[in-house]
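Enquirer: Dropping in final-v2.cif, which is mmCIF, C-alpha atoms:
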```cif
data_structure
#
loop_
_atom_site.label_atom_id
_atom_site.label_comp_id
_atom_site.auth_asym_id
_atom_site.auth_seq_id
_atom_site.Cartn_x
_atom_site.Cartn_y
_atom_site.Cartn_z
CA MET B 1 176.33 234.49 123.88
CA ASN B 2 179.51 236.56 123.71
CA GLU B 3 180.21 238.85 120.79
CA GLN B 4 183.04 239.37 118.34
CA LYS B 5 183.32 242.40 116.10
CA LEU B 6 184.28 242.68 112.47
CA GLU B 7 184.40 246.26 111.23
CA ILE B 8 184.24 246.65 107.46
CA VAL B 9 186.09 249.97 107.78
CA THR B 10 189.24 248.06 108.86
CA PHE B 11 189.13 246.32 105.46
CA SER B 12 188.67 249.56 103.51
CA LYS B 13 187.17 252.99 103.97
CA LEU B 14 185.80 252.69 100.45
CA PRO B 15 185.00 249.06 99.71
CA GLY B 16 183.45 248.29 96.36
CA GLY B 17 182.90 245.88 93.52
CA ARG B 18 181.79 242.28 93.52
CA LYS B 19 184.72 240.33 92.15
CA LYS B 20 188.52 240.58 92.13
CA GLN B 21 188.55 242.20 88.69
CA ASP B 22 186.32 245.03 90.01
CA GLY B 23 188.96 246.45 92.35
CA PRO B 24 191.24 245.68 95.30
CA TYR B 25 188.60 246.11 98.01
CA ASN B 26 185.96 243.95 96.44
CA ALA B 27 183.23 241.98 98.19
CA GLU B 28 184.61 238.58 97.24
CA ARG B 29 187.93 239.38 98.94
CA PHE B 30 186.25 240.70 102.06
CA ARG B 31 184.04 237.63 102.25
CA THR B 32 186.88 235.15 101.67
CA ASP B 33 189.67 236.76 103.67
CA PHE B 34 187.74 238.36 106.51
CA LEU B 35 184.11 237.26 106.89
CA ILE B 36 184.44 233.51 106.43
CA PRO B 37 187.39 233.13 108.85
CA ALA B 38 185.70 235.38 111.41
CA LEU B 39 182.39 233.52 111.18
CA SER B 40 184.14 230.15 111.40
CA ASN B 41 185.90 231.40 114.52
CA ALA B 42 182.62 232.66 115.99
CA LEU B 43 181.02 229.26 115.40
CA ALA B 44 183.96 227.45 116.97
CA GLN B 45 183.84 229.67 120.03
CA ASN B 46 180.04 229.77 120.11
CA THR B 47 179.94 233.57 119.90
CA VAL B 48 178.04 236.06 117.76
CA LEU B 49 179.93 237.85 115.00
CA MET B 50 178.86 241.48 114.74
CA VAL B 51 179.65 242.85 111.29
CA ILE B 52 179.77 246.61 111.78
CA LEU B 53 178.94 248.81 108.81
CA ASP B 54 179.87 252.16 110.38
CA GLY B 55 182.72 254.38 109.25
CA VAL B 56 182.83 253.50 105.56
CA LEU B 57 182.59 256.36 103.04
CA GLY B 58 179.76 254.64 101.23
CA TYR B 59 178.34 251.25 100.22
CA SER B 60 177.16 250.02 96.92
CA SER B 61 174.28 247.60 96.77
CA SER B 62 176.37 245.19 94.69
CA PHE B 63 179.08 245.01 97.38
CA LEU B 64 176.55 244.27 100.11
CA GLU B 65 174.82 241.65 97.98
CA GLU B 66 178.03 239.86 97.17
CA VAL B 67 179.21 239.84 100.78
CA PHE B 68 176.00 238.81 102.55
CA GLY B 69 174.15 236.99 99.79
CA GLY B 70 177.47 235.43 98.83
CA ILE B 71 178.18 233.99 102.28
CA VAL B 72 174.99 231.94 101.99
CA ARG B 73 175.75 230.86 98.41
CA THR B 74 179.21 229.55 99.37
CA LYS B 75 177.36 226.88 101.42
CA LYS B 76 180.19 226.84 103.95
CA PHE B 77 177.71 227.46 106.77
CA LYS B 78 174.25 226.19 107.60
CA ASN B 79 171.49 228.79 107.41
CA GLU B 80 170.69 228.26 111.11
CA ASP B 81 174.31 228.92 112.02
CA ILE B 82 174.37 232.12 109.99
CA LYS B 83 171.11 233.24 111.60
CA SER B 84 172.34 232.61 115.12
CA HIS B 85 176.00 233.63 114.78
CA LEU B 86 175.99 236.55 112.34
CA LYS B 87 174.56 239.95 113.11
CA ILE B 88 174.75 242.99 110.84
CA VAL B 89 175.05 246.19 112.86
CA ALA B 90 174.71 249.90 112.04
CA ASN B 91 175.38 251.95 115.16
CA ASN B 92 174.92 255.22 113.32
CA ARG B 93 171.56 255.71 111.61
CA ILE B 94 173.40 256.96 108.53
CA TYR B 95 174.10 253.29 107.77
CA GLU B 96 170.61 252.07 108.59
CA SER B 97 169.47 251.75 104.98
CA ALA B 98 172.67 249.82 104.13
CA ARG B 99 172.05 247.52 107.11
CA ILE B 100 168.47 246.81 106.02
CA ASP B 101 169.70 246.17 102.50
CA ALA B 102 172.44 243.79 103.69
CA GLN B 103 169.98 241.91 105.91
CA LYS B 104 167.57 241.62 103.00
CA TYR B 105 170.27 240.13 100.75
CA LEU B 106 171.14 237.62 103.46
CA ASP B 107 167.50 236.60 103.96
CA GLU B 108 166.79 236.41 100.21
CA ALA B 109 169.81 234.18 99.62
CA MET B 110 168.71 231.89 102.47
CA ARG B 111 165.22 231.58 101.01
CA ARG B 112 166.66 230.59 97.62
CA ILE B 113 168.95 227.87 99.00
CA MET F 1 117.07 297.71 147.22
CA LEU F 2 119.12 297.18 144.04
CA LYS F 3 119.26 300.92 143.56
CA ASN F 4 120.77 301.32 147.03
CA ILE F 5 123.43 298.71 146.37
CA LEU F 6 124.41 300.37 143.08
CA MET F 7 124.60 303.73 144.74
CA LYS F 8 126.93 302.37 147.43
CA LEU F 9 129.11 300.69 144.86
CA CYS F 10 129.45 303.89 142.85
CA ASP F 11 130.28 305.82 146.02
CA GLY F 12 132.97 303.24 146.80
CA TYR F 13 134.65 303.61 143.40
CA SER F 14 134.40 307.36 143.38
CA SER F 15 136.44 307.34 146.58
CA LEU F 16 139.34 305.50 144.80
CA ASP F 17 142.29 307.60 143.67
CA SER F 18 144.19 306.91 140.40
CA PHE F 19 146.94 304.92 142.18
CA ASP F 20 144.32 302.51 143.53
CA ILE F 21 142.89 302.07 140.04
CA ILE F 22 146.34 301.24 138.70
CA LYS F 23 146.86 298.79 141.56
CA LEU F 24 143.58 297.07 140.73
CA ALA F 25 144.18 296.93 137.00
CA PHE F 26 147.87 295.98 137.11
CA PRO F 27 147.49 292.17 137.53
CA SER F 28 145.05 291.94 134.60
CA VAL F 29 147.25 294.08 132.34
CA LEU F 30 150.36 292.13 133.34
CA SER F 31 148.74 288.75 132.70
CA ALA F 32 147.49 289.99 129.30
CA ILE F 33 151.03 291.14 128.38
CA LEU F 34 152.57 287.88 129.56
CA SER F 35 150.01 285.82 127.64
CA ALA F 36 150.72 287.83 124.50
CA LEU F 37 154.49 287.38 124.94
CA LEU F 38 154.15 283.65 125.62
CA SER F 39 151.90 283.01 122.64
CA GLY F 40 154.24 285.11 120.47
CA TYR F 41 157.19 283.03 121.68
CA ILE F 42 155.36 279.75 121.02
CA ILE F 43 154.32 280.85 117.52
CA THR F 44 157.87 282.03 116.71
CA ARG F 45 159.33 278.74 117.96
CA TRP F 46 156.79 276.72 115.97
CA ARG F 47 157.41 278.78 112.83
CA SER F 48 161.21 278.57 113.08
CA ARG F 49 160.98 274.80 113.62
CA LYS F 50 158.67 274.52 110.60
CA ASP F 51 161.07 276.63 108.52
CA LEU F 52 163.97 274.43 109.61
CA VAL F 53 162.10 271.25 108.63
CA ASP F 54 161.08 272.79 105.29
CA LYS F 55 164.68 273.82 104.62
CA ARG F 56 166.09 270.39 105.45
CA ILE F 57 163.45 268.71 103.30
CA ASP F 58 164.26 271.02 100.39
CA ASP F 59 168.00 270.35 100.82
CA LEU F 60 167.44 266.60 100.92
CA CYS F 61 165.17 266.62 97.86
CA ARG F 62 167.65 268.75 95.94
CA GLU F 63 170.49 266.34 96.77
CA ILE F 64 168.37 263.35 95.72
CA ASP F 65 167.48 264.98 92.40
CA ALA F 66 171.14 265.84 91.72
CA LEU F 67 172.31 262.34 92.57
CA GLY F 68 169.50 260.81 90.50
CA GLU F 69 170.65 262.84 87.52
CA LEU F 70 174.31 261.88 88.05
CA ALA F 71 173.40 258.21 88.35
CA ARG F 72 171.13 258.38 85.30
CA GLU F 73 174.04 259.69 83.22
CA PHE F 74 176.33 257.05 84.71
CA TRP F 75 173.99 254.20 83.78
CA SER F 76 173.38 255.65 80.32
CA ARG F 77 176.95 254.95 79.12
CA ASN F 78 179.42 252.08 78.99
CA PHE F 79 182.12 251.91 81.64
CA LYS F 80 185.09 254.25 81.11
CA ALA F 81 188.17 254.89 83.27
CA ALA F 82 186.88 258.22 84.57
CA ASP F 83 183.90 256.41 86.06
CA GLN F 84 186.05 255.33 89.02
CA SER F 85 185.81 258.88 90.37
CA THR F 86 182.10 259.05 89.49
CA ILE F 87 181.58 255.90 91.58
CA VAL F 88 183.30 257.51 94.57
CA ASN F 89 181.26 260.64 93.98
CA ILE F 90 178.00 258.69 93.87
CA LYS F 91 178.84 256.76 97.03
CA SER F 92 179.77 259.86 98.98
CA LYS F 93 176.60 261.61 97.79
CA LEU F 94 174.58 258.63 98.99
CA LEU F 95 176.21 258.99 102.39
CA ARG F 96 175.53 262.72 102.41
CA ILE F 97 171.86 262.04 101.67
CA SER F 98 171.83 259.58 104.59
CA ARG F 99 173.26 262.31 106.83
CA LEU F 100 170.56 264.76 105.76
CA ARG F 101 167.94 262.08 106.33
CA VAL F 102 169.26 261.48 109.87
CA LEU F 103 169.10 265.24 110.54
CA LEU F 104 165.51 265.23 109.37
CA GLU F 105 164.59 262.19 111.46
CA GLY F 106 164.77 264.24 114.66
CA LEU F 107 161.98 266.42 113.33
CA VAL F 108 159.46 263.89 111.97
CA SER F 109 157.34 261.08 113.44
CA ASN F 110 158.53 257.49 113.88
CA SER F 111 156.40 256.13 111.04
CA SER F 112 157.79 258.80 108.73
CA LYS F 113 161.33 257.86 109.80
CA ASN F 114 160.76 254.26 108.71
CA GLU F 115 159.29 255.34 105.38
CA LEU F 116 162.33 257.53 104.74
CA VAL F 117 164.77 254.70 105.50
CA GLU F 118 162.86 252.30 103.22
CA SER F 119 162.77 254.76 100.33
CA GLU F 120 166.46 255.53 100.76
CA GLN F 121 167.26 251.84 100.74
CA MET F 122 165.38 251.39 97.43
CA PHE F 123 167.24 254.37 95.99
CA LEU F 124 170.60 252.91 97.10
CA ARG F 125 169.69 249.56 95.61
CA GLU F 126 168.71 251.00 92.23
CA ILE F 127 171.72 253.28 91.93
CA SER F 128 174.46 250.93 93.03
CA GLY F 129 173.20 247.43 92.31
CA GLY F 130 174.23 245.04 89.56
CA GLU F 131 177.46 245.84 87.73
CA PHE F 132 177.77 249.27 89.37
CA GLU F 133 181.52 249.05 90.02
CA SER F 134 182.44 246.57 87.35
CA PRO F 135 184.68 247.60 84.41
CA ARG F 136 182.43 245.32 82.33
CA ARG F 137 179.40 247.54 82.92
CA LYS F 138 177.36 248.21 79.79
CA LEU F 139 174.95 251.09 79.35
CA ASP F 140 171.60 250.15 80.79
CA PHE F 141 168.63 252.36 79.95
CA VAL F 142 166.27 250.29 82.08
CA LYS F 143 168.54 250.90 85.05
CA SER F 144 168.87 254.63 84.31
CA TYR F 145 165.08 254.88 84.20
CA ALA F 146 164.76 252.86 87.41
CA VAL F 147 167.26 255.18 89.14
CA LEU F 148 165.19 258.25 88.27
CA GLU F 149 162.01 256.50 89.35
CA ALA F 150 163.51 255.45 92.71
CA GLY F 151 164.76 259.03 93.19
CA SER F 152 161.36 260.56 92.53
CA ASN F 153 159.71 257.94 94.76
CA TYR F 154 162.12 258.90 97.53
CA VAL F 155 161.34 262.61 97.10
CA LEU F 156 157.63 261.80 97.06
CA ALA F 157 157.95 259.73 100.25
CA ILE F 158 159.73 262.64 101.96
CA ARG F 159 157.09 265.17 100.91
CA GLN F 160 154.24 262.83 101.87
CA ALA F 161 155.79 262.06 105.26
CA HIS F 162 156.10 265.79 105.89
CA LEU F 163 152.52 266.45 104.83
CA SER F 164 151.10 263.63 106.94
CA ASP F 165 153.10 264.88 109.93
CA GLN F 166 151.66 268.35 109.45
CA LYS F 167 148.15 266.91 109.15
CA GLY F 168 148.81 264.81 112.23
CA LEU F 169 149.30 268.00 114.27
CA TRP F 170 145.71 269.04 113.60
CA MET F 171 144.00 265.71 113.00
CA ARG F 172 145.61 263.43 115.56
CA LYS F 173 143.58 260.23 115.98
#
```
Go ahead and express the file in the form of structure tokens.
Expert:
Amino acid sequence: MNEQKLEIVTFSKLPGGRKKQDGPYNAERFRTDFLIPALSNALAQNTVLMVILDGVLGYSSSFLEEVFGGIVRTKKFKNEDIKSHLKIVANNRIYESARIDAQKYLDEAMRRI
Amino acid sequence: MLKNILMKLCDGYSSLDSFDIIKLAFPSVLSAILSALLSGYIITRWRSRKDLVDKRIDDLCREIDALGELAREFWSRNFKAADQSTIVNIKSKLLRISRLRVLLEGLVSNSSKNELVESEQMFLREISGGEFESPRRKLDFVKSYAVLEAGSNYVLAIRQAHLSDQKGLWMRK
């Protein structure tokens, strides 16, 4: 399957907060304006969307939870589609703990639904 | 018979001049010197590597303690405007800790690497979960305690990984 890339750093070098009231580069905005369209596109083109964590100045756990747990909770995509078309990537090992965390939030949200 | 052999041998050596003795002894002396130099080099290399690991571990633990303290204070008060810069500070310190952890990874075993990543991930989760960036954040003493606990668990994991690696050198299964 071909790959598409979505780099969080293109959204903001310092993303943060869950909701709109928490700041301009919040998780809800990233999910709605960037992740959902990109994942929909990946599904339509039968490609894998690689969400790349590298380059950001730092992640908060709440941002990662809202983005990746939130994409499951929106129920816009089937769990199987998310599993097969969404991949969270940390090329630099600096972001490895954030990647594991993000993957955990995704898996936990899927288990709950 | 034996006496004759010994006599001949002694005659043979007595006929050697000092240059011949040096020629005979030179290879043994040279190999002894080289062995001493090589073992000295190996020990120095091992010690400097050990010192480097110890230094990086100390740096990492110090950073974790400092960040734990900063985050404890942060979670022990209600949100205020100045906290925006504290949030940036906390995030960048988390990233700095990740950098130090990556530097350390090149010097520890694979199992230790995984333990370090897991502990760091728990630390990240405790510090920056929940209402971390929300202006509605209320002081949370449970969270501030959990932050300190995750920090000390991370430090403990680092020290234990280092100790088990050192043990592994001598007690490899």
Enquirer: Step by step, work through what the PyMOL selection byres ((chain F) within 12 of (chain B)) selects in the shown file, and finish by giving those residues as an mmCIF file with C-alpha atoms, keeping the file's coordinate frame.
Expert:
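Output (expr-v9.cif):
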```cif
data_model
loop_
_atom_site.group_PDB
_atom_site.id
_atom_site.type_symbol
_atom_site.label_atom_id
_atom_site.label_comp_id
_atom_site.auth_asym_id
_atom_site.auth_seq_id
_atom_site.Cartn_x
_atom_site.Cartn_y
_atom_site.Cartn_z
ATOM 1 C CA PHE F 79 182.120 251.910 81.640
ATOM 2 C CA GLN F 84 186.050 255.330 89.020
ATOM 3 C CA SER F 85 185.810 258.880 90.370
ATOM 4 C CA ILE F 87 181.580 255.900 91.580
ATOM 5 C CA VAL F 88 183.300 257.510 94.570
ATOM 6 C CA ASN F 89 181.260 260.640 93.980
ATOM 7 C CA ILE F 90 178.000 258.690 93.870
ATOM 8 C CA LYS F 91 178.840 256.760 97.030
ATOM 9 C CA SER F 92 179.770 259.860 98.980
ATOM 10 C CA LYS F 93 176.600 261.610 97.790
ATOM 11 C CA LEU F 94 174.580 258.630 98.990
ATOM 12 C CA LEU F 95 176.210 258.990 102.390
ATOM 13 C CA ARG F 96 175.530 262.720 102.410
ATOM 14 C CA ILE F 97 171.860 262.040 101.670
ATOM 15 C CA SER F 98 171.830 259.580 104.590
ATOM 16 C CA ARG F 99 173.260 262.310 106.830
ATOM 17 C CA LEU F 100 170.560 264.760 105.760
ATOM 18 C CA ARG F 101 167.940 262.080 106.330
ATOM 19 C CA VAL F 102 169.260 261.480 109.870
ATOM 20 C CA LEU F 103 169.100 265.240 110.540
ATOM 21 C CA LEU F 104 165.510 265.230 109.370
ATOM 22 C CA GLU F 105 164.590 262.190 111.460
ATOM 23 C CA GLY F 106 164.770 264.240 114.660
ATOM 24 C CA LYS F 113 161.330 257.860 109.800
ATOM 25 C CA ASN F 114 160.760 254.260 108.710
ATOM 26 C CA GLU F 115 159.290 255.340 105.380
ATOM 27 C CA LEU F 116 162.330 257.530 104.740
ATOM 28 C CA VAL F 117 164.770 254.700 105.500
ATOM 29 C CA GLU F 118 162.860 252.300 103.220
ATOM 30 C CA SER F 119 162.770 254.760 100.330
ATOM 31 C CA GLU F 120 166.460 255.530 100.760
ATOM 32 C CA GLN F 121 167.260 251.840 100.740
ATOM 33 C CA MET F 122 165.380 251.390 97.430
ATOM 34 C CA PHE F 123 167.240 254.370 95.990
ATOM 35 C CA LEU F 124 170.600 252.910 97.100
ATOM 36 C CA ARG F 125 169.690 249.560 95.610
ATOM 37 C CA GLU F 126 168.710 251.000 92.230
ATOM 38 C CA ILE F 127 171.720 253.280 91.930
ATOM 39 C CA SER F 128 174.460 250.930 93.030
ATOM 40 C CA GLY F 129 173.200 247.430 92.310
ATOM 41 C CA GLY F 130 174.230 245.040 89.560
ATOM 42 C CA GLU F 131 177.460 245.840 87.730
ATOM 43 C CA PHE F 132 177.770 249.270 89.370
ATOM 44 C CA GLU F 133 181.520 249.050 90.020
ATOM 45 C CA SER F 134 182.440 246.570 87.350
ATOM 46 C CA PRO F 135 184.680 247.600 84.410
ATOM 47 C CA ARG F 136 182.430 245.320 82.330
ATOM 48 C CA ARG F 137 179.400 247.540 82.920
#
```
Enquirer: Using Å and a single decimal, report how far atom CA of Asn91 of chain B sits from atom CA of Ile57 of chain F.
Expert: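 Value for the atom CA of Ile57 of chain F-atom CA of Asn91 of chain B distance: 23.7 Å.
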Enquirer: Put a box with edges along x, y and z around all the listed atoms of segment 82-95 of chain B, pad it by 8 Å on each side, then give me its centre and sizes in Å, one decimal, as lines of an AutoDock Vina configuration file.
Expert:
```
center_x = 173.6
center_y = 244.5
center_z = 111.5
size_x = 20.9
size_y = 40.8
size_z = 23.4
```
Enquirer: Could you work out how far atom CA of Asn110 of chain F lies from atom CA of Val53 of chain F, giving the answer in Å with one decimal?
Expert: 15.2 Å
Enquirer: So what do you get for atom CA of Leu156 of chain F versus atom CA of Ala90 of chain B, distance-wise?
Expert: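 Interatomic distance here is 25.6 Å.
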Enquirer: As a PyMOL selection string, please: the residues near Asn46 of chain B (cut-off 12 Å, only C-alpha atoms, same-chain neighbours under 3 positions excluded).
Expert: chain B and resi 1-4+38-43+49+81-82+84-86
Enquirer: Could you give me, as a VMD selection string, the residues that have an atom at most 12 Å away from the point (170.0, 266.2, 92.8) in the coordinates of the file, using all atoms listed in the file?
Expert: chain F and resid 58 to 72 90 93 to 94 96 to 97 147 to 148 151 to 152 154 to 155
Enquirer: I'd like the neighbourhood of Ile71 of chain B as a list in words, where a residue qualifies if any of its atoms comes within 10 Å (using all atoms listed in the file), though same-chain residues fewer than 5 positions away should be ignored.
Expert: Glu28, Arg31, Thr32, Leu35, Ile36, Leu39, Glu65, Glu66, Lys76, Phe77, Asn79, Ile82, Leu106, Ala109 and Met110 of chain B
Enquirer: Pick out the closest residue to Glu7 of chain B from this set: B:Phe68, B:Phe34, B:Tyr25, B:Tyr105. Count all atoms listed in the file.
Expert: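 That would be B:Phe34, the residue with the smallest distance to Glu7 of chain B.
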Enquirer: Run the PyMOL selection byres ((chain F and resi 139) around 8) against the file shown and list the residues it catches, as a list in words.
Expert: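 Evaluating the PyMOL selection byres ((chain F and resi 139) around 8) on this file yields Trp75, Ser76, Arg77, Asn78, Phe79, Arg137, Lys138, Asp140 and Phe141 of chain F.
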